Amino acid sequence: MDFKDWRKARDKPNTDPEPPRDNKFHGRRYRDYIEEQIAEARERGEFDNLPGFGKPLRFDNDDFYAGDRALAYGLLKSHGFAPAEIELAKEIRTGSERAEAKLERLRQRGRALRARRFPPSANEKRAYNASVEKTAVEYEQTMRELNRKILTLNLTTPVAMHRPLFEVEKLVRRFRESCPLFG
């Protein structure tokens with residue numbers, strides 16, 4: 001390679017002919033060029049009979065979307081755990097399901113007492129009324145605690161994972177309406 005003095009280059013016009021550029025992308029975007037290459041390969045059949053063709057993809061290695069948390073998520077997953085926000089969402093869901101199941105058992109007990117041929121005794125009525133009152137208080141406390149957890153979840157997760165708060169007063173009122181007390 002010859003040395004060219006850059007100071008003298010301005011004085012003389014460049015007489016060296018530039019080699020012609022072979023620009024495959026001239027007038028096109030790079031993405032269009034790639035899509036064209038993929039279409040040609042598809043036409044030639046280069047994507048036929050690839051290993052795993054028609055089978056679902058397995059993402060055992062989730063590093064590609066976890067970013068800087070990939071190592072931590074990998075450790076949690078390998079030991080049967082999930083990230084804190086997923087565990088919290090699961091805890092909220094199971095707490096809600098458990099509370100609703102408890103209410104349903106009490107509703108069934110009330111329907112069973114009312115459906116009997118002979119009326120319930122005074123002790124049965126008193127026990128049922130007490131359990132309705134106790135369950136209503138516990139249900140309200142449980143739902144308020146779940147609301148605190150939902151607030152924590154909503155503060156720590158992306159919008160897509162946000163959950164609406166439970167309307168505690170409305171839920172307790174519905175429960176009391178569905179389990180009327182014996183008089």
# chains A, B, ... in the order shown; residues from 1 in each chain; ligands from 1
>>> residues_around(residues="range 90-92 of chain A", least_positions_apart="5", cutoff="10 Å", atoms="only C-alpha atoms", output="list in words")
Ala82, Ala84, Glu85, Glu97, Arg98, Met143, Glu145, Leu146, Asn147, Arg148, Lys149, Ile150, Leu153 and Arg163 of chain A
>>> residues_around(residues="Ala122 in chain A", least_positions_apart="3", cutoff="12 Å", atoms="only C-alpha atoms", output="ChimeraX atom specification")
/A:113,119,125-129,182-183
>>> write_last_selection(atoms="C-alpha atoms", output="compact mmCIF listing (two decimals), in the first residue's frame")
# COMPACT_ATOMS: atom_id res chain seq x y z
CA LEU A 113 -80.19 -27.63 57.39
CA PRO A 119 -86.45 -28.33 61.44
CA LYS A 125 -79.37 -22.95 64.62
CA ARG A 126 -77.16 -21.25 67.22
CA ALA A 127 -74.07 -23.15 66.03
CA TYR A 128 -74.81 -22.33 62.39
CA ASN A 129 -75.41 -18.62 63.14
CA PHE A 182 -81.75 -18.72 61.46
CA GLY A 183 -84.22 -16.70 63.51
>>> atom_distance(atom1="CA of Pro120 in chain A", atom2="CA of Lys102 in chain A")
21.5 Å
>>> residues_around(residues="Ser131 in chain A", least_positions_apart="3", cutoff="12 Å", atoms="only C-alpha atoms", output="mmCIF file with C-alpha atoms, in the first residue's frame")
data_model
loop_
_atom_site.group_PDB
_atom_site.id
_atom_site.type_symbol
_atom_site.label_atom_id
_atom_site.label_comp_id
_atom_site.auth_asym_id
_atom_site.auth_seq_id
_atom_site.Cartn_x
_atom_site.Cartn_y
_atom_site.Cartn_z
ATOM 1 C CA LYS A 102 -64.846 -22.320 52.910
ATOM 2 C CA LEU A 103 -67.822 -20.098 52.120
ATOM 3 C CA ARG A 105 -69.061 -25.394 52.498
ATOM 4 C CA LEU A 106 -70.966 -23.134 54.878
ATOM 5 C CA ARG A 107 -73.586 -22.361 52.197
ATOM 6 C CA ARG A 109 -74.415 -26.675 55.338
ATOM 7 C CA GLY A 110 -77.111 -23.978 55.520
ATOM 8 C CA GLU A 124 -77.959 -26.359 65.507
ATOM 9 C CA LYS A 125 -79.369 -22.951 64.624
ATOM 10 C CA ARG A 126 -77.162 -21.247 67.220
ATOM 11 C CA ALA A 127 -74.067 -23.148 66.026
ATOM 12 C CA TYR A 128 -74.807 -22.331 62.386
ATOM 13 C CA LYS A 134 -67.198 -16.143 62.563
ATOM 14 C CA THR A 135 -66.708 -17.006 58.899
ATOM 15 C CA ALA A 136 -67.854 -13.542 57.798
ATOM 16 C CA VAL A 137 -65.268 -11.904 60.066
ATOM 17 C CA GLU A 138 -62.530 -14.303 58.919
ATOM 18 C CA TYR A 139 -63.526 -13.817 55.278
ATOM 19 C CA ARG A 176 -74.247 -12.749 54.274
ATOM 20 C CA CYS A 179 -76.143 -17.528 54.148
ATOM 21 C CA PRO A 180 -79.143 -16.065 55.974
ATOM 22 C CA LEU A 181 -79.135 -16.594 59.715
ATOM 23 C CA PHE A 182 -81.750 -18.721 61.463
#
>>> closest_residue(among="A:Gln37, A:Leu75, A:Phe175, A:Thr142", to="Thr94 in chain A", atoms="only C-alpha atoms")
A:Thr142
>>> atom_distance(atom1="CA of His162 in chain A", atom2="CA of Arg174 in chain A")
24.7 Å
